[in-house]
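**Student:** One structure, pasted below without further comment.
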Protein chains: 2
Amino acid sequence: LTLRRRNGIPFSVTTQTSSPPLGTVAAATQLATPYICVDRDLLWENLDQLAAYAEQHGLKLRPHAKTHKSRQIAQWQLERGAIGLTVAKPSEAEVFAEICDDLLLAYPIVDAARAERVARLVQRVDMKVAVDSAFAVATLSRAAAAAGSTLGVLVDLDVGLHRTGVQNASAALELAQLVERSPHVELRGLFCYPGHIWEPAAAQESALNAVAEQLEATLDLWKEHGLNAEIVSGGSTPTAYQSHLARHFTEIRPGTYPFNDMNTVLGGYMALDRCAARIVVTVVSDAVPGQVVIDAGSKTLAADRCILGPDLGFGHVVEYPDARITKLSEEHGQVDVSRCAARPAIGERVSVIPNHICPCVNLQDRVWLKVADDQYEPLTVDARGRLT
Amino acid sequence: LTLRRRNGIPFSVTTQTSSPPLGTVAAATQLATPYICVDRDLLWENLDQLAAYAEQHGLKLRPHAKTHKSRQIAQWQLERGAIGLTVAKPSEAEVFAEICDDLLLAYPIVDAARAERVARLVQRVDMKVAVDSAFAVATLSRAAAAAGSTLGVLVDLDVGLHRTGVQNASAALELAQLVERSPHVELRGLFCYPGHIWEPAAAQESALNAVAEQLEATLDLWKEHGLNAEIVSGGSTPTAYQSHLARHFTEIRPGTYPFNDMNTVLGGYMALDRCAARIVVTVVSDAVPGQVVIDAGSKTLAADRCILGPDLGFGHVVEYPDARITKLSEEHGQVDVSRCAARPAIGERVSVIPNHICPCVNLQDRVWLKVADDQYEPLTVDARGRLT
């Protein structure tokens with residue numbers, strides 16, 4: 001990897017070790033809207049930049065595949081040095097087990113059927129699961145015993161998001177000791193998700209220091225009791241380039257960084273021109289004064305509001321930055337163009353950067369990869385709809 | 001159809017002319033969560049009730065298929081007297097053209113490729129498209145000419161939602177006259193969507209009277225100019241049982257009524273026990289005090305807020321009505337259980353009625369139809385993801 005610098009953040013120029021062509025190449029006008037267009041060069045640049053950061057700080061990279069749900073993009077992440085992948089559900093794990101032998105399921109498994117599916121993957125994959133309950137440990141232990149395998153376990157510590165995770169160091173010790181005592185599960189380390197840290201990157205030091213202190217208290221307590229954390233897994237896209245400030249992470253699990261979206265941009269984590277995914281839409285109506293309608297509603301843009309910055313509507317219209325997508329029905333997006341000097345015409349195509357790209361990708365069977373000027377290749381969203 | 005009465009609303013008991021079995025029958029415990037469970041008896045009851053209302057008032061029924069996207073459910077609607085179906089996109093039209101020969105595309109078509117797809121369907125289907133621009137008329141006319149077919153056209157009149165639709169009677173006349181002058185398109189009538197009417201059913205009279213007056217002004221003007229509206233198409237689920245108050249509708253296009261959802265319930269249009277679709281989920285974490293986490297986030301429940309009633313979170317937990325789904329990540333639903341006397345236990349399954357069922361169904365490849373006690377059959381969501 002060759003390192004350059006832009007805005008003080010190191011990034012690299014990839015050697016572009018690409019995969020073979022993915023199918024017929026189409027021109028933009030051949031593609032029916034709404035479709036997601038991914039700029040491959042920008043995507044690679046985003047992948048390279050974080051790979052270089054991780055390398056520089058001795059952090060392993062385990063991207064969350066829920067964002068792209070694509071084996072091809074995962075492969076590009078692995079080619080750039082990612083040690084493995086993160087997934088949310090066993091059905092996602094099954095998709096990515098075909099191309100990756102090191103998976104972390106960052107989600108509680110508490111039912112026998114799912115635990116069995118995960119335990120079966122151990123034959124092919126170094127499979128780890130994050131847990132925050134004795135119930136989950138027992139479920140995994142039973143399933144692994146039945147499969148004759150051993151499942152890796154990370155103890156999930158709540159460092160401030162208050163979504164999942166045991167609440168303090170002593171609870172983490174108790175759960176870790178239960179793992180140690182339980183057959184067919186192996187304590188591999190500590191897990192956290194600092195998803196509550198929404199400060200701009202430059203202002204994250206104190207929040208990440210608080211995370212570091214929580215991790216340290218837990219790791220010290222484990223050490224006192226003879227327990228080792230081979231893995232300390234953390235990270236998010238907002239904190240991606242500040243992950244070293246959490247001091248104890250051995251690996252990070254950002255999801256959105258290959259694409260970026262308006263949450264990333266308005267949160268101040270990445271420039272607008274680093275958004276690699278856009279939703280190309282058509283203006284289908286201009287009958288209501290001051291407004292146009294695009295052929296993308298909540299079934300395309302998802303209904304997510306912007307949570308990491310000011311609420312500017314349901315996405316950014318690239319060609320008409322003064323436009324505001326104010327209302328979504330399922331297939332209609334109502335766009336207030338009253339503040340636009342020039343207005344998009346009926347029939348015109350415009351592109352939208354959504355607030356949150358992950359649920360948008362999950363609504364498509366494929367995205368279209370821009371591989372050259374006006375040349376697009378289909379890329380299957382392999383794990384679309386893998387919810388179980 | 002046998003009519004009975006419940007809460008003053010006529011409804012009928014179906015003769016249950018069902019289709020053949022749809023595949024292997026499963027017990028609930030064999031189904032991985034999150035899944036959508038549809039109570040077939042309740043679904044049929046919802047279909048029968050609206051069919052009876054429509055029959056009673058001499059209204060034709062053209063359900064919007066975007067809610068269920070299922071050929072089987074559409075067939076049940078047609079068996080109960082629906083004259084045809086409504087769809088939003090040509091790709092949906094292609095799915096339903098296989099079982100229905102009378103389709104209305106309630107969406108502007110302004111690009112050549114989509115117009116060609118629709119024009120090709122005319123060979124099999126009485127195909128009608130709603131338009132609100134000269135641009136759309138020209139696009140449809142050209143495509144139908146190329147296909148050697150004639151497309152039916154309804155003029156879309158904005159009656160208050162301010163989403164699409166020409167703004168007044170004279171604009172509607174102008175567009176209708178353009179249709180009359182254009183080759184290969186045929187004026188079939190007037191179209192509106194009273195989606196702005198959110199009053200409880202009992203308080204809709206004046207709003208629907210205003211719609212009636214707008215329709216009347218347009219129809220009178222058309223008549224003066226020798227134009228006839230064979231079809232006057234309107235209707236929504238909130239106004240479904242008051243549609244006769246709009247006086248001029250010849251047909252109605254409700255979507256959500258087969259299932260209902262929290263928008264329908266909190267808007268006061270249907271009782272909670274008439275929600276035929278529930279999302280069955282598992283409690284996967286109880287680590288954070290006062291909270292449990294369910295395995296359904298925005299990729300399952302969609303991120304829609306409740307728009308037709310008080311904002312009570314992201315869905316109703318049937319077994320724990322005092323619980324509140326306060327936050328959604330993609331795969332996590334955070335449920336505040338602090339006000340619950342009894343709390344759901346980790347590993348327990350509960351069922352959620354979502355705010356808006358339509359985008360939830362679109363996130364699944366299939367739903368599970370409850371056909372008897374603890375017997376579920378898969379029902380394919382045939383038009384899932386048909387966005388173009």
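For the structure tokens, the naming scheme is as follows: chains receive sequential letters (A, B, ...) according to their order of presentation, residues are indexed from 1 within each chain, and ligands are indexed from 1 in presentation order.
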Residues of range 117-194 of chain A classed as strand (DSSP E) by DSSP on the backbone are to be reported as a list of chain:residue names.
**Tutor:**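 Written out, the strand (DSSP E) residues of range 117-194 of chain A are A:Asp126, A:Met127, A:Lys128, A:Val129, A:Ala130, A:Val131, A:Leu151, A:Gly152, A:Val153, A:Leu154, A:Val155, A:Asp156, A:Val185, A:Glu186, A:Leu187, A:Arg188, A:Gly189, A:Leu190, A:Phe191.
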**Student:** Residues as selected, N, CA, C and O atoms, written as a compact mmCIF listing (two decimals), in the first residue's frame, can you do that?
**Tutor:**
```
# COMPACT_ATOMS: atom_id res chain seq x y z
N ASP A 126 -13.34 -19.86 11.77
CA ASP A 126 -13.06 -19.47 13.15
C ASP A 126 -14.22 -18.55 13.57
O ASP A 126 -14.23 -17.36 13.26
N MET A 127 -15.19 -19.16 14.25
CA MET A 127 -16.48 -18.50 14.49
C MET A 127 -16.54 -17.99 15.92
O MET A 127 -16.36 -18.74 16.87
N LYS A 128 -16.81 -16.71 16.05
CA LYS A 128 -16.93 -16.09 17.37
C LYS A 128 -18.28 -15.39 17.49
O LYS A 128 -18.79 -14.84 16.52
N VAL A 129 -18.82 -15.42 18.70
CA VAL A 129 -20.12 -14.80 18.95
C VAL A 129 -20.01 -13.89 20.17
O VAL A 129 -19.38 -14.25 21.17
N ALA A 130 -20.60 -12.71 20.08
CA ALA A 130 -20.65 -11.80 21.23
C ALA A 130 -21.84 -12.17 22.10
O ALA A 130 -22.93 -12.41 21.58
N VAL A 131 -21.66 -12.21 23.41
CA VAL A 131 -22.75 -12.58 24.33
C VAL A 131 -22.86 -11.56 25.45
O VAL A 131 -21.86 -10.94 25.84
N LEU A 151 -17.18 -23.12 20.09
CA LEU A 151 -17.47 -21.77 19.61
C LEU A 151 -16.68 -20.75 20.41
O LEU A 151 -16.62 -20.82 21.65
N GLY A 152 -16.12 -19.79 19.71
CA GLY A 152 -15.45 -18.69 20.39
C GLY A 152 -16.48 -17.71 20.94
O GLY A 152 -17.52 -17.49 20.32
N VAL A 153 -16.18 -17.12 22.07
CA VAL A 153 -17.13 -16.19 22.68
C VAL A 153 -16.40 -14.91 23.09
O VAL A 153 -15.29 -14.94 23.64
N LEU A 154 -17.01 -13.76 22.78
CA LEU A 154 -16.56 -12.47 23.29
C LEU A 154 -17.63 -11.96 24.25
O LEU A 154 -18.83 -12.07 23.95
N VAL A 155 -17.22 -11.39 25.35
CA VAL A 155 -18.18 -10.82 26.29
C VAL A 155 -18.47 -9.38 25.88
O VAL A 155 -17.55 -8.57 25.72
N ASP A 156 -19.76 -9.10 25.68
CA ASP A 156 -20.22 -7.79 25.22
C ASP A 156 -20.37 -6.85 26.42
O ASP A 156 -21.16 -7.11 27.33
N VAL A 185 -17.46 -23.92 24.65
CA VAL A 185 -17.32 -22.50 24.34
C VAL A 185 -15.98 -22.05 24.90
O VAL A 185 -15.51 -22.56 25.92
N GLU A 186 -15.37 -21.11 24.21
CA GLU A 186 -14.02 -20.68 24.58
C GLU A 186 -14.00 -19.15 24.68
O GLU A 186 -14.42 -18.46 23.75
N LEU A 187 -13.52 -18.64 25.80
CA LEU A 187 -13.43 -17.19 25.96
C LEU A 187 -12.33 -16.64 25.06
O LEU A 187 -11.17 -17.00 25.19
N ARG A 188 -12.71 -15.76 24.13
CA ARG A 188 -11.73 -15.20 23.21
C ARG A 188 -11.45 -13.73 23.49
O ARG A 188 -10.47 -13.18 23.01
N GLY A 189 -12.35 -13.06 24.21
CA GLY A 189 -12.05 -11.67 24.50
C GLY A 189 -13.25 -10.83 24.85
O GLY A 189 -14.29 -11.34 25.27
N LEU A 190 -13.07 -9.53 24.64
CA LEU A 190 -14.03 -8.52 25.07
C LEU A 190 -14.55 -7.80 23.83
O LEU A 190 -13.82 -7.60 22.86
N PHE A 191 -15.81 -7.37 23.89
CA PHE A 191 -16.49 -6.79 22.74
C PHE A 191 -17.22 -5.53 23.20
O PHE A 191 -17.82 -5.51 24.27
```
**Student:** At a cut-off of 8 Å, list the chain B residues touching chain A, using only C-alpha atoms, as a PDB file with N, CA and C atoms, in the first residue's frame.
**Tutor:**
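That gives us iface02.pdb:
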```
ATOM      1  N   ALA B  32     -37.802 -19.422  12.060  1.00  0.00           N
ATOM      2  CA  ALA B  32     -36.798 -18.531  12.649  1.00  0.00           C
ATOM      3  C   ALA B  32     -37.352 -17.107  12.681  1.00  0.00           C
ATOM      4  N   THR B  33     -37.139 -16.435  13.781  1.00  0.00           N
ATOM      5  CA  THR B  33     -37.550 -15.035  13.894  1.00  0.00           C
ATOM      6  C   THR B  33     -36.470 -14.145  13.296  1.00  0.00           C
ATOM      7  N   PRO B  34     -36.759 -12.927  12.877  1.00  0.00           N
ATOM      8  CA  PRO B  34     -38.088 -12.335  12.803  1.00  0.00           C
ATOM      9  C   PRO B  34     -38.827 -12.800  11.542  1.00  0.00           C
ATOM     10  N   ALA B  88     -47.954   0.170  -8.289  1.00  0.00           N
ATOM     11  CA  ALA B  88     -47.221   1.433  -8.302  1.00  0.00           C
ATOM     12  C   ALA B  88     -46.198   1.499  -9.434  1.00  0.00           C
ATOM     13  N   PRO B 108     -46.910   8.097 -11.984  1.00  0.00           N
ATOM     14  CA  PRO B 108     -46.543   8.723 -13.261  1.00  0.00           C
ATOM     15  C   PRO B 108     -45.456   7.922 -13.990  1.00  0.00           C
ATOM     16  N   ILE B 109     -45.649   7.754 -15.273  1.00  0.00           N
ATOM     17  CA  ILE B 109     -44.651   7.101 -16.129  1.00  0.00           C
ATOM     18  C   ILE B 109     -44.077   8.188 -17.033  1.00  0.00           C
ATOM     19  N   VAL B 110     -42.800   8.490 -16.866  1.00  0.00           N
ATOM     20  CA  VAL B 110     -42.235   9.591 -17.652  1.00  0.00           C
ATOM     21  C   VAL B 110     -40.970   9.182 -18.407  1.00  0.00           C
ATOM     22  N   ASP B 111     -40.628   7.887 -18.394  1.00  0.00           N
ATOM     23  CA  ASP B 111     -39.464   7.515 -19.201  1.00  0.00           C
ATOM     24  C   ASP B 111     -39.849   6.421 -20.190  1.00  0.00           C
ATOM     25  N   ALA B 113     -38.430   3.691 -21.312  1.00  0.00           N
ATOM     26  CA  ALA B 113     -38.275   2.270 -21.029  1.00  0.00           C
ATOM     27  C   ALA B 113     -39.461   1.742 -20.236  1.00  0.00           C
ATOM     28  N   ARG B 114     -39.863   2.490 -19.223  1.00  0.00           N
ATOM     29  CA  ARG B 114     -41.005   2.035 -18.428  1.00  0.00           C
ATOM     30  C   ARG B 114     -42.297   2.078 -19.230  1.00  0.00           C
ATOM     31  N   ASP B 132     -50.163  13.115 -14.614  1.00  0.00           N
ATOM     32  CA  ASP B 132     -50.397  14.487 -14.166  1.00  0.00           C
ATOM     33  C   ASP B 132     -49.541  15.479 -14.952  1.00  0.00           C
ATOM     34  N   SER B 133     -49.039  15.059 -16.131  1.00  0.00           N
ATOM     35  CA  SER B 133     -48.225  15.978 -16.934  1.00  0.00           C
ATOM     36  C   SER B 133     -48.367  15.666 -18.418  1.00  0.00           C
ATOM     37  N   PHE B 135     -45.915  15.741 -20.276  1.00  0.00           N
ATOM     38  CA  PHE B 135     -44.724  14.930 -20.510  1.00  0.00           C
ATOM     39  C   PHE B 135     -45.072  13.438 -20.438  1.00  0.00           C
ATOM     40  N   HIS B 162     -51.291  17.001  -2.032  1.00  0.00           N
ATOM     41  CA  HIS B 162     -50.197  17.800  -2.595  1.00  0.00           C
ATOM     42  C   HIS B 162     -48.938  16.975  -2.829  1.00  0.00           C
ATOM     43  N   ARG B 163     -49.135  15.801  -3.393  1.00  0.00           N
ATOM     44  CA  ARG B 163     -48.009  14.933  -3.746  1.00  0.00           C
ATOM     45  C   ARG B 163     -47.879  14.910  -5.267  1.00  0.00           C
ATOM     46  N   THR B 164     -48.875  14.352  -5.941  1.00  0.00           N
ATOM     47  CA  THR B 164     -48.941  14.454  -7.400  1.00  0.00           C
ATOM     48  C   THR B 164     -50.330  14.980  -7.739  1.00  0.00           C
ATOM     49  N   GLY B 165     -50.561  15.197  -9.022  1.00  0.00           N
ATOM     50  CA  GLY B 165     -51.902  15.570  -9.471  1.00  0.00           C
ATOM     51  C   GLY B 165     -52.001  17.012  -9.916  1.00  0.00           C
ATOM     52  N   VAL B 166     -52.733  17.212 -11.007  1.00  0.00           N
ATOM     53  CA  VAL B 166     -52.947  18.582 -11.488  1.00  0.00           C
ATOM     54  C   VAL B 166     -53.755  19.341 -10.446  1.00  0.00           C
ATOM     55  N   GLN B 167     -53.606  20.673 -10.465  1.00  0.00           N
ATOM     56  CA  GLN B 167     -54.018  21.472  -9.316  1.00  0.00           C
ATOM     57  C   GLN B 167     -55.469  21.925  -9.324  1.00  0.00           C
ATOM     58  N   VAL B 284     -33.624 -10.967  22.659  1.00  0.00           N
ATOM     59  CA  VAL B 284     -32.245 -11.476  22.583  1.00  0.00           C
ATOM     60  C   VAL B 284     -31.326 -10.901  23.651  1.00  0.00           C
ATOM     61  N   SER B 285     -31.762  -9.872  24.362  1.00  0.00           N
ATOM     62  CA  SER B 285     -30.912  -9.294  25.404  1.00  0.00           C
ATOM     63  C   SER B 285     -31.770  -8.609  26.451  1.00  0.00           C
ATOM     64  N   ASP B 286     -31.351  -8.745  27.705  1.00  0.00           N
ATOM     65  CA  ASP B 286     -31.988  -7.983  28.777  1.00  0.00           C
ATOM     66  C   ASP B 286     -30.922  -7.375  29.681  1.00  0.00           C
ATOM     67  N   ALA B 287     -29.759  -7.122  29.094  1.00  0.00           N
ATOM     68  CA  ALA B 287     -28.613  -6.686  29.908  1.00  0.00           C
ATOM     69  C   ALA B 287     -28.771  -5.265  30.438  1.00  0.00           C
ATOM     70  N   VAL B 288     -29.442  -4.410  29.707  1.00  0.00           N
ATOM     71  CA  VAL B 288     -29.578  -3.016  30.133  1.00  0.00           C
ATOM     72  C   VAL B 288     -30.843  -2.889  30.989  1.00  0.00           C
ATOM     73  N   VAL B 293     -34.097  -6.203  24.318  1.00  0.00           N
ATOM     74  CA  VAL B 293     -33.812  -5.997  22.894  1.00  0.00           C
ATOM     75  C   VAL B 293     -34.448  -7.137  22.119  1.00  0.00           C
ATOM     76  N   SER B 298     -34.684  -1.819  12.038  1.00  0.00           N
ATOM     77  CA  SER B 298     -35.255  -1.115  10.887  1.00  0.00           C
ATOM     78  C   SER B 298     -35.246  -1.980   9.630  1.00  0.00           C
ATOM     79  N   LYS B 299     -34.433  -3.043   9.597  1.00  0.00           N
ATOM     80  CA  LYS B 299     -34.459  -3.936   8.444  1.00  0.00           C
ATOM     81  C   LYS B 299     -35.631  -4.915   8.506  1.00  0.00           C
ATOM     82  N   THR B 300     -36.383  -4.888   9.594  1.00  0.00           N
ATOM     83  CA  THR B 300     -37.570  -5.738   9.731  1.00  0.00           C
ATOM     84  C   THR B 300     -38.832  -4.912   9.956  1.00  0.00           C
ATOM     85  N   ALA B 302     -39.046  -1.651   9.524  1.00  0.00           N
ATOM     86  CA  ALA B 302     -38.937  -0.397   8.798  1.00  0.00           C
ATOM     87  C   ALA B 302     -38.837   0.738   9.827  1.00  0.00           C
ATOM     88  N   ALA B 303     -38.453   1.907   9.404  1.00  0.00           N
ATOM     89  CA  ALA B 303     -38.232   2.988  10.362  1.00  0.00           C
ATOM     90  C   ALA B 303     -39.411   3.948  10.409  1.00  0.00           C
ATOM     91  N   ASP B 304     -40.533   3.562   9.803  1.00  0.00           N
ATOM     92  CA  ASP B 304     -41.691   4.458   9.764  1.00  0.00           C
ATOM     93  C   ASP B 304     -42.197   4.782  11.163  1.00  0.00           C
ATOM     94  N   GLU B 330     -30.347  -1.400  12.886  1.00  0.00           N
ATOM     95  CA  GLU B 330     -30.764  -2.222  11.750  1.00  0.00           C
ATOM     96  C   GLU B 330     -31.360  -3.558  12.172  1.00  0.00           C
ATOM     97  N   GLU B 331     -30.738  -4.199  13.164  1.00  0.00           N
ATOM     98  CA  GLU B 331     -31.194  -5.536  13.557  1.00  0.00           C
ATOM     99  C   GLU B 331     -31.626  -5.600  15.024  1.00  0.00           C
ATOM    100  N   GLN B 334     -34.857  -1.725  20.541  1.00  0.00           N
ATOM    101  CA  GLN B 334     -34.746  -1.511  21.980  1.00  0.00           C
ATOM    102  C   GLN B 334     -36.143  -1.249  22.541  1.00  0.00           C
ATOM    103  N   ILE B 346     -35.624 -13.202  28.356  1.00  0.00           N
ATOM    104  CA  ILE B 346     -34.685 -13.468  27.277  1.00  0.00           C
ATOM    105  C   ILE B 346     -35.007 -14.845  26.674  1.00  0.00           C
ATOM    106  N   GLY B 347     -34.999 -14.920  25.354  1.00  0.00           N
ATOM    107  CA  GLY B 347     -35.358 -16.146  24.659  1.00  0.00           C
ATOM    108  C   GLY B 347     -36.831 -16.234  24.307  1.00  0.00           C
ATOM    109  N   PRO B 359     -44.053  -1.509   4.084  1.00  0.00           N
ATOM    110  CA  PRO B 359     -42.603  -1.664   3.895  1.00  0.00           C
ATOM    111  C   PRO B 359     -42.048  -2.890   4.621  1.00  0.00           C
ATOM    112  N   ASN B 362     -42.364  -5.840   2.328  1.00  0.00           N
ATOM    113  CA  ASN B 362     -41.380  -5.700   1.248  1.00  0.00           C
ATOM    114  C   ASN B 362     -39.963  -6.088   1.672  1.00  0.00           C
ATOM    115  N   LEU B 363     -39.741  -6.234   2.982  1.00  0.00           N
ATOM    116  CA  LEU B 363     -38.415  -6.634   3.480  1.00  0.00           C
ATOM    117  C   LEU B 363     -38.287  -8.151   3.624  1.00  0.00           C
ATOM    118  N   GLN B 364     -39.357  -8.876   3.340  1.00  0.00           N
ATOM    119  CA  GLN B 364     -39.356 -10.334   3.506  1.00  0.00           C
ATOM    120  C   GLN B 364     -39.511 -11.020   2.153  1.00  0.00           C
ATOM    121  N   ASP B 365     -38.876 -12.176   2.002  1.00  0.00           N
ATOM    122  CA  ASP B 365     -39.089 -12.975   0.795  1.00  0.00           C
ATOM    123  C   ASP B 365     -40.416 -13.731   0.874  1.00  0.00           C
ATOM    124  N   GLY B 385     -39.428  -5.966  -3.647  1.00  0.00           N
ATOM    125  CA  GLY B 385     -38.305  -5.283  -4.268  1.00  0.00           C
ATOM    126  C   GLY B 385     -38.540  -4.870  -5.711  1.00  0.00           C
ATOM    127  N   LEU B 387     -39.116  -2.312  -7.729  1.00  0.00           N
ATOM    128  CA  LEU B 387     -39.065  -0.858  -7.518  1.00  0.00           C
ATOM    129  C   LEU B 387     -39.050  -0.061  -8.810  1.00  0.00           C
ATOM    130  N   THR B 388     -38.864  -0.722  -9.934  1.00  0.00           N
ATOM    131  CA  THR B 388     -38.663   0.034 -11.184  1.00  0.00           C
ATOM    132  C   THR B 388     -39.907   0.029 -12.069  1.00  0.00           C
TER     133      THR B 388
END
```
**Student:** When you count only C-alpha atoms, which of these residues is closest to Cys100 in chain B: B:Ala138, B:Ala203, B:Leu78, B:Val122?
**Tutor:** B:Leu78
**Student:** Using backbone DSSP assignments, extract all alpha helix (DSSP H) residues from range 76-251 of chain A; output them as a PyMOL selection string.
**Tutor:** chain A and resi 76-79+90-96+112-121+134-147+169-181+205-224
**Student:** Pick out the residues sitting within 9 Å of Arg80 in chain B, and hand them over as an mmCIF file with all heavy atoms, in the first residue's frame; count only C-alpha atoms, and ignore anything fewer than 2 positions along from it in its own chain.
**Tutor:**
```cif
data_model
loop_
_atom_site.group_PDB
_atom_site.id
_atom_site.type_symbol
_atom_site.label_atom_id
_atom_site.label_comp_id
_atom_site.auth_asym_id
_atom_site.auth_seq_id
_atom_site.Cartn_x
_atom_site.Cartn_y
_atom_site.Cartn_z
ATOM 1 N N LEU B 1 -72.290 -13.587 -0.344
ATOM 2 C CA LEU B 1 -71.714 -13.055 0.889
ATOM 3 C C LEU B 1 -72.800 -12.833 1.944
ATOM 4 O O LEU B 1 -73.822 -12.209 1.673
ATOM 5 C CB LEU B 1 -71.022 -11.716 0.597
ATOM 6 C CG LEU B 1 -69.794 -11.788 -0.322
ATOM 7 C CD1 LEU B 1 -69.319 -10.394 -0.672
ATOM 8 C CD2 LEU B 1 -68.682 -12.573 0.332
ATOM 9 N N THR B 14 -66.898 -15.181 4.695
ATOM 10 C CA THR B 14 -66.544 -15.740 3.392
ATOM 11 C C THR B 14 -66.935 -17.212 3.307
ATOM 12 O O THR B 14 -67.038 -17.900 4.313
ATOM 13 C CB THR B 14 -65.034 -15.622 3.139
ATOM 14 O OG1 THR B 14 -64.741 -16.285 1.916
ATOM 15 C CG2 THR B 14 -64.239 -16.291 4.243
ATOM 16 N N LEU B 47 -60.838 -8.818 4.102
ATOM 17 C CA LEU B 47 -61.174 -8.746 2.677
ATOM 18 C C LEU B 47 -62.696 -8.762 2.483
ATOM 19 O O LEU B 47 -63.242 -7.986 1.703
ATOM 20 C CB LEU B 47 -60.558 -9.924 1.912
ATOM 21 C CG LEU B 47 -59.032 -10.055 1.916
ATOM 22 C CD1 LEU B 47 -58.604 -11.180 0.967
ATOM 23 C CD2 LEU B 47 -58.349 -8.753 1.533
ATOM 24 N N ASP B 48 -63.351 -9.669 3.211
ATOM 25 C CA ASP B 48 -64.805 -9.803 3.056
ATOM 26 C C ASP B 48 -65.527 -8.532 3.469
ATOM 27 O O ASP B 48 -66.488 -8.116 2.823
ATOM 28 C CB ASP B 48 -65.310 -10.955 3.939
ATOM 29 C CG ASP B 48 -64.860 -12.298 3.431
ATOM 30 O OD1 ASP B 48 -64.611 -12.414 2.208
ATOM 31 O OD2 ASP B 48 -64.728 -13.233 4.233
ATOM 32 N N ALA B 51 -65.179 -5.880 0.849
ATOM 33 C CA ALA B 51 -65.918 -6.294 -0.356
ATOM 34 C C ALA B 51 -67.415 -6.064 -0.153
ATOM 35 O O ALA B 51 -68.114 -5.581 -1.051
ATOM 36 C CB ALA B 51 -65.634 -7.764 -0.664
ATOM 37 N N ALA B 52 -67.885 -6.366 1.054
ATOM 38 C CA ALA B 52 -69.314 -6.187 1.337
ATOM 39 C C ALA B 52 -69.682 -4.705 1.343
ATOM 40 O O ALA B 52 -70.726 -4.309 0.812
ATOM 41 C CB ALA B 52 -69.651 -6.830 2.680
ATOM 42 N N GLN B 75 -55.315 -12.808 -5.517
ATOM 43 C CA GLN B 75 -56.329 -13.729 -6.013
ATOM 44 C C GLN B 75 -57.526 -13.802 -5.064
ATOM 45 O O GLN B 75 -58.674 -13.825 -5.501
ATOM 46 C CB GLN B 75 -55.697 -15.123 -6.163
ATOM 47 C CG GLN B 75 -56.142 -15.856 -7.390
ATOM 48 C CD GLN B 75 -54.977 -16.576 -8.067
ATOM 49 O OE1 GLN B 75 -53.980 -16.906 -7.422
ATOM 50 N NE2 GLN B 75 -55.100 -16.827 -9.352
ATOM 51 N N TRP B 76 -57.226 -13.822 -3.779
ATOM 52 C CA TRP B 76 -58.329 -13.814 -2.805
ATOM 53 C C TRP B 76 -59.151 -12.539 -2.926
ATOM 54 O O TRP B 76 -60.365 -12.552 -2.754
ATOM 55 C CB TRP B 76 -57.778 -13.981 -1.381
ATOM 56 C CG TRP B 76 -57.314 -15.379 -1.072
ATOM 57 C CD1 TRP B 76 -57.792 -16.540 -1.608
ATOM 58 C CD2 TRP B 76 -56.286 -15.761 -0.144
ATOM 59 N NE1 TRP B 76 -57.124 -17.625 -1.078
ATOM 60 C CE2 TRP B 76 -56.194 -17.173 -0.169
ATOM 61 C CE3 TRP B 76 -55.438 -15.057 0.708
ATOM 62 C CZ2 TRP B 76 -55.305 -17.886 0.616
ATOM 63 C CZ3 TRP B 76 -54.549 -15.772 1.506
ATOM 64 C CH2 TRP B 76 -54.473 -17.164 1.448
ATOM 65 N N GLN B 77 -58.485 -11.415 -3.209
ATOM 66 C CA GLN B 77 -59.229 -10.171 -3.390
ATOM 67 C C GLN B 77 -60.117 -10.246 -4.636
ATOM 68 O O GLN B 77 -61.277 -9.831 -4.618
ATOM 69 C CB GLN B 77 -58.258 -8.987 -3.478
ATOM 70 C CG GLN B 77 -57.537 -8.707 -2.148
ATOM 71 C CD GLN B 77 -56.443 -7.655 -2.238
ATOM 72 O OE1 GLN B 77 -55.672 -7.640 -3.202
ATOM 73 N NE2 GLN B 77 -56.360 -6.793 -1.233
ATOM 74 N N LEU B 78 -59.561 -10.820 -5.707
ATOM 75 C CA LEU B 78 -60.319 -10.930 -6.953
ATOM 76 C C LEU B 78 -61.490 -11.901 -6.797
ATOM 77 O O LEU B 78 -62.594 -11.660 -7.292
ATOM 78 C CB LEU B 78 -59.402 -11.356 -8.102
ATOM 79 C CG LEU B 78 -58.310 -10.330 -8.463
ATOM 80 C CD1 LEU B 78 -57.236 -10.947 -9.358
ATOM 81 C CD2 LEU B 78 -58.904 -9.087 -9.127
ATOM 82 N N ALA B 82 -63.200 -8.064 -6.337
ATOM 83 C CA ALA B 82 -62.396 -6.934 -6.806
ATOM 84 C C ALA B 82 -62.351 -6.977 -8.333
ATOM 85 O O ALA B 82 -62.176 -8.047 -8.924
ATOM 86 C CB ALA B 82 -60.980 -7.003 -6.224
#
```
**Student:** Just how far from CA of Glu230 in chain B is CA of Ala212 in chain B, in Å to one decimal?
**Tutor:**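 Between CA of Ala212 in chain B and CA of Glu230 in chain B the gap is 16.3 Å.
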**Student:** Measuring between only C-alpha atoms, which one of B:Leu308, B:Val280, B:Val361, B:Val337 shows the shortest distance to Ala28 in chain B?
**Tutor:**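 The answer is B:Val280, which sits nearest to Ala28 in chain B.
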